[in-house]
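Peer 1: Sharing entry.pdb here; it has PDB, C-alpha atoms.
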```pdb
ATOM      1  CA  MET L   1       0.000   0.000   0.000
ATOM      2  CA  ILE L   2       2.790   2.434   0.962
ATOM      3  CA  GLY L   3       4.712   1.509  -2.179
ATOM      4  CA  PHE L   4       1.629   2.211  -4.270
ATOM      5  CA  THR L   5       1.294   5.640  -2.625
ATOM      6  CA  ILE L   6       4.957   6.402  -3.325
ATOM      7  CA  LEU L   7       4.653   5.395  -6.977
ATOM      8  CA  LEU L   8       1.434   7.383  -7.399
ATOM      9  CA  THR L   9       3.081  10.466  -5.870
ATOM     10  CA  PHE L  10       6.160  10.064  -8.082
ATOM     11  CA  PHE L  11       4.135   9.928 -11.289
ATOM     12  CA  GLY L  12       1.827  12.668 -10.033
ATOM     13  CA  ILE L  13       4.816  14.971  -9.472
ATOM     14  CA  ILE L  14       6.154  14.239 -12.974
ATOM     15  CA  ILE L  15       2.753  14.876 -14.603
ATOM     16  CA  VAL L  16       2.166  18.089 -12.644
ATOM     17  CA  ALA L  17       5.692  19.334 -13.431
ATOM     18  CA  PHE L  18       5.198  18.656 -17.128
ATOM     19  CA  ALA L  19       1.810  20.421 -17.054
ATOM     20  CA  SER L  20       3.452  23.316 -15.236
ATOM     21  CA  ILE L  21       6.016  23.990 -17.956
ATOM     22  CA  THR L  22       3.527  23.619 -20.813
ATOM     23  CA  GLN L  23       0.914  26.101 -19.567
ATOM     24  CA  LYS L  24       0.184  29.199 -21.640
ATOM     25  CA  LYS L  25      -0.709  31.408 -18.681
ATOM     26  CA  LEU L  26       2.046  32.062 -16.135
ATOM     27  CA  ALA L  27      -0.380  32.144 -13.199
ATOM     28  CA  ASP L  28      -1.581  28.597 -13.926
ATOM     29  CA  SER L  29       2.046  27.545 -14.192
ATOM     30  CA  ILE L  30       2.804  28.918 -10.718
ATOM     31  CA  ILE L  31      -0.245  27.191  -9.187
ATOM     32  CA  LEU L  32       0.865  23.858 -10.701
ATOM     33  CA  PHE L  33       4.366  24.505  -9.351
ATOM     34  CA  MET L  34       2.794  24.620  -5.880
ATOM     35  CA  GLY L  35       1.432  21.153  -6.681
ATOM     36  CA  VAL L  36       4.971  19.896  -7.303
ATOM     37  CA  GLY L  37       5.951  21.188  -3.863
ATOM     38  CA  LEU L  38       2.932  19.472  -2.299
ATOM     39  CA  GLY L  39       3.871  16.130  -3.839
ATOM     40  CA  SER L  40       7.428  16.504  -2.522
ATOM     41  CA  VAL L  41       6.013  17.131   0.956
ATOM     42  CA  VAL L  42       4.191  13.777   0.840
ATOM     43  CA  LEU L  43       7.335  12.009  -0.380
ATOM     44  CA  PHE L  44       9.590  13.574   2.266
ATOM     45  CA  PHE L  45       7.122  12.611   4.972
ATOM     46  CA  ILE L  46       6.883   9.010   3.799
ATOM     47  CA  PHE L  47      10.680   8.753   3.640
ATOM     48  CA  ASN L  48      11.025   9.686   7.351
ATOM     49  CA  ALA L  49      12.183  13.270   6.878
ATOM     50  CA  PRO L  50       9.572  15.383   8.707
ATOM     51  CA  ASP L  51      11.953  18.320   9.122
ATOM     52  CA  VAL L  52      12.492  18.631   5.386
ATOM     53  CA  ALA L  53       8.770  18.059   4.787
ATOM     54  CA  LEU L  54       7.851  20.968   7.057
ATOM     55  CA  THR L  55      10.429  23.220   5.404
ATOM     56  CA  GLU L  56       9.209  22.282   1.927
ATOM     57  CA  ALA L  57       5.559  22.853   2.915
ATOM     58  CA  VAL L  58       6.266  26.281   4.354
ATOM     59  CA  ILE L  59       8.906  27.620   1.977
ATOM     60  CA  GLY L  60       8.653  25.614  -1.250
ATOM     61  CA  ALA L  61       4.902  25.232  -1.615
ATOM     62  CA  GLY L  62       3.904  28.252   0.438
ATOM     63  CA  ILE L  63       5.750  31.503   0.473
ATOM     64  CA  SER L  64       7.998  31.162  -2.585
ATOM     65  CA  SER L  65       4.983  30.590  -4.836
ATOM     66  CA  LEU L  66       3.289  33.608  -3.292
ATOM     67  CA  ILE L  67       6.409  35.676  -3.998
ATOM     68  CA  PHE L  68       6.282  34.377  -7.608
ATOM     69  CA  LEU L  69       2.625  35.488  -7.842
ATOM     70  CA  MET L  70       3.418  38.944  -6.500
ATOM     71  CA  ALA L  71       6.320  39.302  -8.932
ATOM     72  CA  LEU L  72       3.947  38.275 -11.742
ATOM     73  CA  LYS L  73       1.577  41.050 -10.675
ATOM     74  CA  HIS L  74       4.431  43.562 -10.980
ATOM     75  CA  LEU L  75       5.326  42.193 -14.429
ATOM     76  CA  LYS L  76       1.752  42.555 -15.687
ATOM     77  CA  ALA L  77       1.509  46.068 -14.350
ATOM     78  CA  GLU L  78       4.639  47.234 -16.105
ATOM     79  CA  VAL L  79       4.267  45.567 -19.496
TER      80      VAL L  79
ATOM     81  CA  MET R   1      19.964   8.801 -49.039
ATOM     82  CA  SER R   2      21.839   6.535 -46.689
ATOM     83  CA  ILE R   3      21.684   7.375 -43.013
ATOM     84  CA  LYS R   4      24.969   5.667 -42.376
ATOM     85  CA  ARG R   5      27.739   8.102 -41.769
ATOM     86  CA  THR R   6      31.390   7.372 -41.415
ATOM     87  CA  LEU R   7      32.919   8.579 -38.190
ATOM     88  CA  PRO R   8      36.481   9.867 -38.335
ATOM     89  CA  THR R   9      39.038   7.611 -36.702
ATOM     90  CA  SER R  10      39.970  10.277 -34.154
ATOM     91  CA  VAL R  11      36.437  10.239 -32.720
ATOM     92  CA  LEU R  12      36.398   6.449 -32.638
ATOM     93  CA  SER R  13      39.740   6.223 -30.922
ATOM     94  CA  GLY R  14      38.607   8.886 -28.428
ATOM     95  CA  PHE R  15      35.557   6.809 -27.567
ATOM     96  CA  ALA R  16      37.695   3.698 -27.174
ATOM     97  CA  LEU R  17      40.204   5.499 -24.956
ATOM     98  CA  SER R  18      37.568   7.000 -22.664
ATOM     99  CA  GLY R  19      35.764   3.639 -22.461
ATOM    100  CA  ALA R  20      38.955   1.906 -21.381
ATOM    101  CA  PHE R  21      39.589   4.659 -18.842
ATOM    102  CA  VAL R  22      36.098   4.345 -17.309
ATOM    103  CA  LEU R  23      36.384   0.542 -17.186
ATOM    104  CA  THR R  24      39.728   0.748 -15.412
ATOM    105  CA  ILE R  25      38.373   3.125 -12.787
ATOM    106  CA  LEU R  26      35.281   0.932 -12.309
ATOM    107  CA  GLN R  27      37.440  -2.130 -11.780
ATOM    108  CA  LEU R  28      39.614  -0.295  -9.266
ATOM    109  CA  LEU R  29      36.521   0.875  -7.377
ATOM    110  CA  LEU R  30      34.926  -2.575  -7.365
ATOM    111  CA  GLN R  31      38.111  -4.175  -6.022
ATOM    112  CA  ASN R  32      38.399  -1.761  -3.115
ATOM    113  CA  ILE R  33      34.897  -1.726  -1.645
ATOM    114  CA  PRO R  34      35.230  -1.229   2.107
ATOM    115  CA  LYS R  35      33.535  -3.849   4.251
ATOM    116  CA  ASP R  36      31.655  -1.483   6.591
ATOM    117  CA  ILE R  37      31.202   2.040   5.286
ATOM    118  CA  ASP R  38      31.715   4.665   7.993
ATOM    119  CA  ARG R  39      29.439   7.533   7.037
ATOM    120  CA  ALA R  40      29.864  11.062   8.350
ATOM    121  CA  GLY R  41      26.311  11.148   9.701
ATOM    122  CA  ASP R  42      26.772   8.174  12.002
ATOM    123  CA  SER R  43      29.478   9.784  14.117
ATOM    124  CA  LEU R  44      27.392  12.972  14.378
ATOM    125  CA  LEU R  45      24.354  10.950  15.515
ATOM    126  CA  GLN R  46      26.460   9.242  18.171
ATOM    127  CA  LEU R  47      27.671  12.643  19.387
ATOM    128  CA  ASN R  48      24.074  13.928  19.478
ATOM    129  CA  ALA R  49      23.244  12.454  22.904
ATOM    130  CA  SER R  50      25.995  14.482  24.567
ATOM    131  CA  GLU R  51      24.086  17.718  23.899
ATOM    132  CA  GLY R  52      20.792  16.566  25.417
ATOM    133  CA  VAL R  53      18.600  17.544  22.442
ATOM    134  CA  ALA R  54      15.894  15.140  21.335
ATOM    135  CA  ASN R  55      15.816  16.188  17.657
ATOM    136  CA  ALA R  56      19.111  15.143  16.069
ATOM    137  CA  VAL R  57      18.544  17.323  12.994
ATOM    138  CA  THR R  58      18.401  20.418  15.182
ATOM    139  CA  THR R  59      21.655  19.477  16.888
ATOM    140  CA  VAL R  60      23.389  19.134  13.528
ATOM    141  CA  VAL R  61      21.936  22.337  12.047
ATOM    142  CA  VAL R  62      22.333  24.622  15.052
ATOM    143  CA  TYR R  63      25.254  23.177  17.001
ATOM    144  CA  PHE R  64      27.611  21.071  14.869
ATOM    145  CA  ARG R  65      27.014  23.304  11.830
ATOM    146  CA  GLY R  66      26.124  26.471  13.721
ATOM    147  CA  PHE R  67      28.553  28.647  11.807
ATOM    148  CA  ASP R  68      26.953  27.548   8.505
ATOM    149  CA  THR R  69      23.563  28.582   9.864
ATOM    150  CA  LEU R  70      24.989  32.022  10.604
ATOM    151  CA  GLY R  71      26.076  32.188   6.954
ATOM    152  CA  GLU R  72      22.637  31.095   5.714
ATOM    153  CA  ILE R  73      21.002  33.864   7.719
ATOM    154  CA  ALA R  74      23.468  36.314   6.187
ATOM    155  CA  VAL R  75      22.424  35.093   2.713
ATOM    156  CA  LEU R  76      18.750  35.675   3.558
ATOM    157  CA  PHE R  77      19.633  39.131   4.883
ATOM    158  CA  ILE R  78      21.376  39.999   1.608
ATOM    159  CA  ALA R  79      18.294  38.834  -0.348
ATOM    160  CA  ALA R  80      16.026  41.029   1.793
ATOM    161  CA  LEU R  81      18.454  43.917   1.328
ATOM    162  CA  GLY R  82      18.381  43.538  -2.457
ATOM    163  CA  ILE R  83      14.590  43.440  -2.625
ATOM    164  CA  GLY R  84      14.360  46.437  -0.308
ATOM    165  CA  LEU R  85      16.782  48.380  -2.499
ATOM    166  CA  MET R  86      14.983  47.541  -5.736
ATOM    167  CA  LEU R  87      11.446  48.112  -4.440
ATOM    168  CA  GLY R  88      12.318  51.048  -2.243
ATOM    169  CA  GLU R  89      10.193  53.280  -0.098
ATOM    170  CA  ASN R  90      10.113  56.148  -2.578
ATOM    171  CA  GLU R  91       7.032  54.865  -4.405
ATOM    172  CA  ARG R  92       4.425  54.945  -1.681
ATOM    173  CA  CYS R  93       1.032  53.426  -2.321
ATOM    174  CA  VAL R  94      -2.421  54.981  -2.123
ATOM    175  CA  ILE R  95      -4.942  52.842  -0.278
ATOM    176  CA  LYS R  96      -7.493  51.540  -2.724
ATOM    177  CA  ALA R  97     -10.837  49.863  -2.105
ATOM    178  CA  GLN R  98     -11.374  47.676   0.944
ATOM    179  CA  SER R  99     -10.892  43.947   0.428
ATOM    180  CA  ASN R 100     -13.558  41.256   0.387
ATOM    181  CA  PHE R 101     -15.651  40.808   3.537
ATOM    182  CA  MET R 102     -14.870  37.092   3.739
ATOM    183  CA  LEU R 103     -11.121  37.708   3.447
ATOM    184  CA  HIS R 104     -11.332  40.506   5.994
ATOM    185  CA  THR R 105     -13.099  38.398   8.628
ATOM    186  CA  GLY R 106     -11.188  35.206   7.885
ATOM    187  CA  ALA R 107      -7.848  36.962   8.278
ATOM    188  CA  LYS R 108      -8.919  38.327  11.673
ATOM    189  CA  LEU R 109      -9.797  34.782  12.741
ATOM    190  CA  LEU R 110      -6.758  33.035  11.276
ATOM    191  CA  PHE R 111      -3.929  35.448  12.107
ATOM    192  CA  PRO R 112      -3.660  34.583  15.851
ATOM    193  CA  ILE R 113      -3.768  30.844  15.111
ATOM    194  CA  ILE R 114      -1.052  31.086  12.452
ATOM    195  CA  THR R 115       1.155  33.196  14.706
ATOM    196  CA  LEU R 116       0.671  30.813  17.633
ATOM    197  CA  TYR R 117       1.597  27.853  15.438
ATOM    198  CA  GLY R 118       4.685  29.697  14.229
ATOM    199  CA  VAL R 119       5.806  30.416  17.787
ATOM    200  CA  TYR R 120       5.184  26.756  18.704
ATOM    201  CA  VAL R 121       7.257  25.446  15.786
ATOM    202  CA  MET R 122       9.982  27.947  16.649
ATOM    203  CA  SER R 123      10.246  27.187  20.371
ATOM    204  CA  TYR R 124       9.837  23.401  20.108
ATOM    205  CA  GLY R 125      12.436  23.049  17.357
ATOM    206  CA  HIS R 126      14.741  21.037  19.629
ATOM    207  CA  LEU R 127      12.025  18.511  20.529
ATOM    208  CA  SER R 128       9.949  17.997  17.379
ATOM    209  CA  PRO R 129      10.344  18.604  13.632
ATOM    210  CA  GLY R 130      10.591  22.249  12.785
ATOM    211  CA  GLY R 131      12.656  25.075  14.099
ATOM    212  CA  GLY R 132      13.595  28.664  13.590
ATOM    213  CA  PHE R 133      13.521  28.825   9.789
ATOM    214  CA  GLN R 134      10.112  27.189   9.470
ATOM    215  CA  GLY R 135       8.560  29.066  12.400
ATOM    216  CA  GLY R 136       9.810  32.406  11.143
ATOM    217  CA  VAL R 137       8.391  31.827   7.679
ATOM    218  CA  ILE R 138       5.042  30.720   9.167
ATOM    219  CA  ILE R 139       4.828  33.988  11.124
ATOM    220  CA  ALA R 140       5.734  35.914   7.958
ATOM    221  CA  SER R 141       2.917  34.137   6.071
ATOM    222  CA  GLY R 142       0.472  35.261   8.785
ATOM    223  CA  ILE R 143       1.654  38.829   8.275
ATOM    224  CA  LEU R 144       1.209  38.323   4.515
ATOM    225  CA  LEU R 145      -2.430  37.369   5.148
ATOM    226  CA  LEU R 146      -2.989  40.561   7.127
ATOM    227  CA  LEU R 147      -1.261  42.638   4.428
ATOM    228  CA  ILE R 148      -3.555  41.194   1.751
ATOM    229  CA  SER R 149      -6.772  41.598   3.702
ATOM    230  CA  HIS R 150      -6.240  44.885   5.558
ATOM    231  CA  ARG R 151      -5.015  47.500   3.131
ATOM    232  CA  ASP R 152      -4.018  50.005   5.798
ATOM    233  CA  PHE R 153      -2.072  47.474   7.891
ATOM    234  CA  GLU R 154       1.680  47.915   7.960
ATOM    235  CA  VAL R 155       4.470  46.626  10.176
ATOM    236  CA  PRO R 156       6.553  49.638  11.224
ATOM    237  CA  HIS R 157       9.841  49.644   9.372
ATOM    238  CA  SER R 158      11.905  50.691  12.397
ATOM    239  CA  PHE R 159      10.429  47.779  14.387
ATOM    240  CA  ILE R 160      11.591  45.276  11.762
ATOM    241  CA  VAL R 161      15.033  46.873  11.629
ATOM    242  CA  TRP R 162      15.513  46.766  15.408
ATOM    243  CA  LEU R 163      14.229  43.181  15.732
ATOM    244  CA  GLU R 164      16.535  41.939  12.990
ATOM    245  CA  THR R 165      19.552  43.833  14.287
ATOM    246  CA  LEU R 166      19.086  42.621  17.864
ATOM    247  CA  ALA R 167      18.648  39.007  16.734
ATOM    248  CA  GLY R 168      21.786  39.099  14.582
ATOM    249  CA  VAL R 169      23.875  40.720  17.314
ATOM    250  CA  ALA R 170      22.583  38.218  19.901
ATOM    251  CA  TYR R 171      23.565  35.251  17.691
ATOM    252  CA  VAL R 172      27.142  36.509  17.330
ATOM    253  CA  LEU R 173      27.343  37.444  21.028
ATOM    254  CA  ILE R 174      26.304  33.936  22.110
ATOM    255  CA  GLY R 175      28.934  32.538  19.781
ATOM    256  CA  LEU R 176      31.589  34.849  21.241
ATOM    257  CA  ILE R 177      30.656  33.922  24.841
ATOM    258  CA  GLY R 178      31.125  30.283  23.848
ATOM    259  CA  LEU R 179      34.491  31.204  22.333
ATOM    260  CA  LEU R 180      35.577  32.900  25.578
ATOM    261  CA  THR R 181      34.408  30.186  27.958
ATOM    262  CA  LEU R 182      34.940  26.959  26.001
ATOM    263  CA  ASP R 183      37.449  28.007  23.298
ATOM    264  CA  VAL R 184      34.908  27.033  20.591
ATOM    265  CA  PHE R 185      32.781  29.458  18.599
ATOM    266  CA  LEU R 186      29.135  28.737  19.540
ATOM    267  CA  GLY R 187      30.219  26.467  22.381
ATOM    268  CA  ASN R 188      27.415  25.152  24.573
ATOM    269  CA  PHE R 189      28.166  27.017  27.812
ATOM    270  CA  LEU R 190      24.744  26.536  29.441
ATOM    271  CA  PRO R 191      23.944  23.291  31.333
ATOM    272  CA  HIS R 192      22.973  20.517  28.943
ATOM    273  CA  ASP R 193      22.465  17.217  30.695
ATOM    274  CA  VAL R 194      21.309  14.053  28.956
ATOM    275  CA  SER R 195      18.821  13.367  31.756
ATOM    276  CA  GLN R 196      16.937  16.539  30.789
ATOM    277  CA  MET R 197      16.437  15.354  27.189
ATOM    278  CA  GLY R 198      12.860  15.887  26.034
ATOM    279  CA  LEU R 199      12.068  18.787  28.354
ATOM    280  CA  LEU R 200      11.356  22.266  27.040
ATOM    281  CA  LEU R 201      14.329  23.686  28.948
ATOM    282  CA  SER R 202      17.056  21.365  27.726
ATOM    283  CA  GLY R 203      19.992  21.458  25.391
ATOM    284  CA  GLY R 204      21.688  24.592  26.740
ATOM    285  CA  ILE R 205      22.023  27.303  24.081
ATOM    286  CA  ILE R 206      20.474  25.319  21.202
ATOM    287  CA  PRO R 207      16.781  26.330  21.718
ATOM    288  CA  ILE R 208      17.846  29.923  22.402
ATOM    289  CA  ILE R 209      19.785  30.085  19.138
ATOM    290  CA  TYR R 210      16.880  28.578  17.192
ATOM    291  CA  ILE R 211      14.462  31.169  18.631
ATOM    292  CA  ILE R 212      16.917  33.916  17.631
ATOM    293  CA  VAL R 213      17.118  32.429  14.119
ATOM    294  CA  GLY R 214      13.298  32.385  13.996
ATOM    295  CA  ILE R 215      13.009  36.054  14.969
ATOM    296  CA  LYS R 216      15.577  37.058  12.349
ATOM    297  CA  VAL R 217      14.057  34.967   9.548
ATOM    298  CA  GLY R 218      10.523  36.122  10.422
ATOM    299  CA  SER R 219      11.435  39.802  10.334
ATOM    300  CA  GLU R 220      13.399  39.438   7.090
ATOM    301  CA  MET R 221      10.604  37.546   5.303
ATOM    302  CA  SER R 222       8.029  40.054   6.599
ATOM    303  CA  ALA R 223      10.136  42.879   5.192
ATOM    304  CA  ILE R 224      10.378  41.123   1.794
ATOM    305  CA  VAL R 225       6.622  40.437   1.616
ATOM    306  CA  GLN R 226       5.725  43.939   2.762
ATOM    307  CA  SER R 227       7.943  45.693   0.245
ATOM    308  CA  LEU R 228       6.556  43.482  -2.548
ATOM    309  CA  ILE R 229       2.898  44.088  -1.636
ATOM    310  CA  LYS R 230       3.074  47.741  -0.731
ATOM    311  CA  ARG R 231       4.680  48.646  -4.012
ATOM    312  CA  GLY R 232       2.164  46.626  -5.978
ATOM    313  CA  ASP R 233      -0.701  48.722  -4.712
ATOM    314  CA  ASN R 234       0.040  51.960  -6.498
ATOM    315  CA  VAL R 235       0.113  50.571 -10.044
TER     316      VAL R 235
END
```
Would you put the structure from the file into structure tokens?

Peer 2:
Amino acid sequence: MIGFTILLTFFGIIIVAFASITQKKLADSIILFMGVGLGSVVLFFIFNAPDVALTEAVIGAGISSLIFLMALKHLKAEV
Amino acid sequence: MSIKRTLPTSVLSGFALSGAFVLTILQLLLQNIPKDIDRAGDSLLQLNASEGVANAVTTVVVYFRGFDTLGEIAVLFIAALGIGLMLGENERCVIKAQSNFMLHTGAKLLFPIITLYGVYVMSYGHLSPGGGFQGGVIIASGILLLLISHRDFEVPHSFIVWLETLAGVAYVLIGLIGLLTLDVFLGNFLPHDVSQMGLLLSGGIIPIIYIIVGIKVGSEMSAIVQSLIKRGDNV
């Protein structure tokens, strides 16, 4: 069961990452990038690394994507 | 029409030479496999008990590699400095329309809970997963929520500056006290007994340093988020 979850998360991360780089709109791309971070959180937690999982959840999936979104807002305002 | 191409002999001989080289190295490596591999992490984990900290990752990050953590905080400070220089204070924003009612009320409800969770992660970093970096960023995300929902909310700039300066100076001062008393930079000069492992007050200077790291990271991330949002309002 745990192996099935790991495999599902692996392929989910790959699919979401591929969808993220093929999006036309940059905002959709950033939201899918948050999905990549979320999948990594599940993997880190399964592989007995709760410290890294917490860091990835807070920094990778959380605040860095929000900083990307805010930077995108600046880009749209200036173009 | 033929796809077959003739490779020059220099390329072929290059391939052959590099293949022989790789095979030789592989054979040497396979002959000399050590019986029991002594990894660097194992000796650190054995040393961990002497500091009386339950979370081994915290001991490695804050104590055995404490000087590296000081450097990481300096890197984050330089990033905050660059963003503050680029998105400076000279373009002040004009407060626009009030935000959504749901966002307004939800932020009021969620901000204390997020801040409390951040303080918990920060102060229990030596007992459970988490620590200063994570707790500081959680507090900064709570401040981000308030900045989005309340347009007239602003953390005073001088407050951020003083908090960050005091935290940085305190980190270096603790390290220097350790250097004076134990001849090691960031030496653990407070009592750290193994029998106290698992208590909130255990591990000597390690929880204190992680709280200092949390304050510094939280103020730096809040400054980054605030300068990004406040400049975005006027355009």

Peer 1: Step by step, work through what the PyMOL selection byres ((chain R and resi 73) around 12) selects in the shown file, and finish by giving those residues as a ChimeraX atom specification.

Peer 2: /R:62,66-72,74-80,132-133,136,164,167-168,171-172,210,212-221

Peer 1: Take the residues from that selection and put them in a file with C-alpha atoms, as a CSV table (one decimal), keeping the file's coordinate frame.

Peer 2:
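The file below, again16.csv, is the result:
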```csv
chain,number,residue,atom,x,y,z
R,62,VAL,CA,22.3,24.6,15.1
R,66,GLY,CA,26.1,26.5,13.7
R,67,PHE,CA,28.6,28.6,11.8
R,68,ASP,CA,27.0,27.5,8.5
R,69,THR,CA,23.6,28.6,9.9
R,70,LEU,CA,25.0,32.0,10.6
R,71,GLY,CA,26.1,32.2,7.0
R,72,GLU,CA,22.6,31.1,5.7
R,74,ALA,CA,23.5,36.3,6.2
R,75,VAL,CA,22.4,35.1,2.7
R,76,LEU,CA,18.8,35.7,3.6
R,77,PHE,CA,19.6,39.1,4.9
R,78,ILE,CA,21.4,40.0,1.6
R,79,ALA,CA,18.3,38.8,-0.3
R,80,ALA,CA,16.0,41.0,1.8
R,132,GLY,CA,13.6,28.7,13.6
R,133,PHE,CA,13.5,28.8,9.8
R,136,GLY,CA,9.8,32.4,11.1
R,164,GLU,CA,16.5,41.9,13.0
R,167,ALA,CA,18.6,39.0,16.7
R,168,GLY,CA,21.8,39.1,14.6
R,171,TYR,CA,23.6,35.3,17.7
R,172,VAL,CA,27.1,36.5,17.3
R,210,TYR,CA,16.9,28.6,17.2
R,212,ILE,CA,16.9,33.9,17.6
R,213,VAL,CA,17.1,32.4,14.1
R,214,GLY,CA,13.3,32.4,14.0
R,215,ILE,CA,13.0,36.1,15.0
R,216,LYS,CA,15.6,37.1,12.3
R,217,VAL,CA,14.1,35.0,9.5
R,218,GLY,CA,10.5,36.1,10.4
R,219,SER,CA,11.4,39.8,10.3
R,220,GLU,CA,13.4,39.4,7.1
R,221,MET,CA,10.6,37.5,5.3
```

Peer 1: Within 10 Å of region 27-31 of chain L, counting all atoms listed in the file, which residues show up once you throw out same-chain ones fewer than 2 positions away? Write them as a list in words, please.

Peer 2: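 With the cut-off at 10 Å, the set is Val16, Ala17, Phe18, Ala19, Ser20, Ile21, Thr22, Gln23, Lys24, Lys25, Phe33, Met34, Gly35, Val36, Ala61, Ser64, Ser65, Leu66, Phe68, Leu69, Leu72 and Lys73 of chain L.
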
Peer 1: Using all atoms listed in the file, collect all residues at a distance of at most 12 Å from (10.3, 15.4, 10.5) as written in the file, then present them as a ChimeraX atom specification.

Peer 2: /L:41-57 /R:55-58,121,125-131,134

Peer 1: On this file, the PyMOL selection byres ((chain R and resi 150-153) around 9) gives some set of residues; write that set as a PyMOL selection string.

Peer 2: chain R and resi 95-99+103-104+107+145-149+154-155+230

Peer 1: State, in Å with one decimal place, the distance from CA of Lys108 (chain R) to CA of Val58 (chain L).

Peer 2: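 Computing the Euclidean distance for CA of Lys108 (chain R) and CA of Val58 (chain L) yields 20.7 Å.
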
Peer 1: In Å to one decimal, how far is CA of Ser40 (chain L) from CA of Val60 (chain R)?

Peer 2: 22.8 Å

Peer 1: What separation in Å, quoted to one decimal, exists between CA of Ile83 (chain R) and CA of Val161 (chain R)?

Peer 2: 14.7 Å

Peer 1: Of the residues L:Leu38, L:Ile67, L:Leu26, L:Leu7, which is the one nearest to Ala140 (chain R), using all atoms listed in the file?

Peer 2: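 The answer is L:Ile67, which sits nearest to Ala140 (chain R).
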
Peer 1: Decode the PyMOL selection byres ((chain R and resi 157) around 12) for the given file into explicit residues and return them as JSON, numbers by chain.

Peer 2: {"R": [84, 88, 89, 154, 155, 156, 158, 159, 160, 161, 162, 163, 164, 219, 220, 222, 223, 224, 226, 227]}

Peer 1: Go through R:Leu144, R:Glu51, R:Asn32, R:Pro112 and flag the residue nearest Leu190 (chain R), using all atoms listed in the file for the distances.

Peer 2: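 Of R:Leu144, R:Glu51, R:Asn32, R:Pro112, the one nearest Leu190 (chain R), counting all atoms listed in the file, is R:Glu51.
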
Peer 1: Determine, using all atoms listed in the file, which residues of region 35-154 of chain R have any atom at most 8 Å from an atom of region 191-198 of chain R, and tabulate each with its shortest atom pair and distance in Å to one decimal place, rows ordered by chain and then rising number, as a Markdown table.

Peer 2:
```
| residue | atom | partner | partner_atom | distance |
| --- | --- | --- | --- | --- |
| R:Ala49 | CA | R:Val194 | CA | 6.6 |
| R:Ser50 | CA | R:Val194 | CA | 6.4 |
| R:Glu51 | CA | R:His192 | CA | 5.9 |
| R:Gly52 | CA | R:Val194 | CA | 4.4 |
| R:Val53 | CA | R:Met197 | CA | 5.7 |
| R:Ala54 | CA | R:Gly198 | CA | 5.6 |
| R:Leu127 | CA | R:Gly198 | CA | 6.2 |
```

Peer 1: Restricting the calculation to only C-alpha atoms: of L:Met70, L:Gly62, L:Leu32, L:Lys76, which residue gets closest to Ile14 (chain L)?

Peer 2: L:Leu32
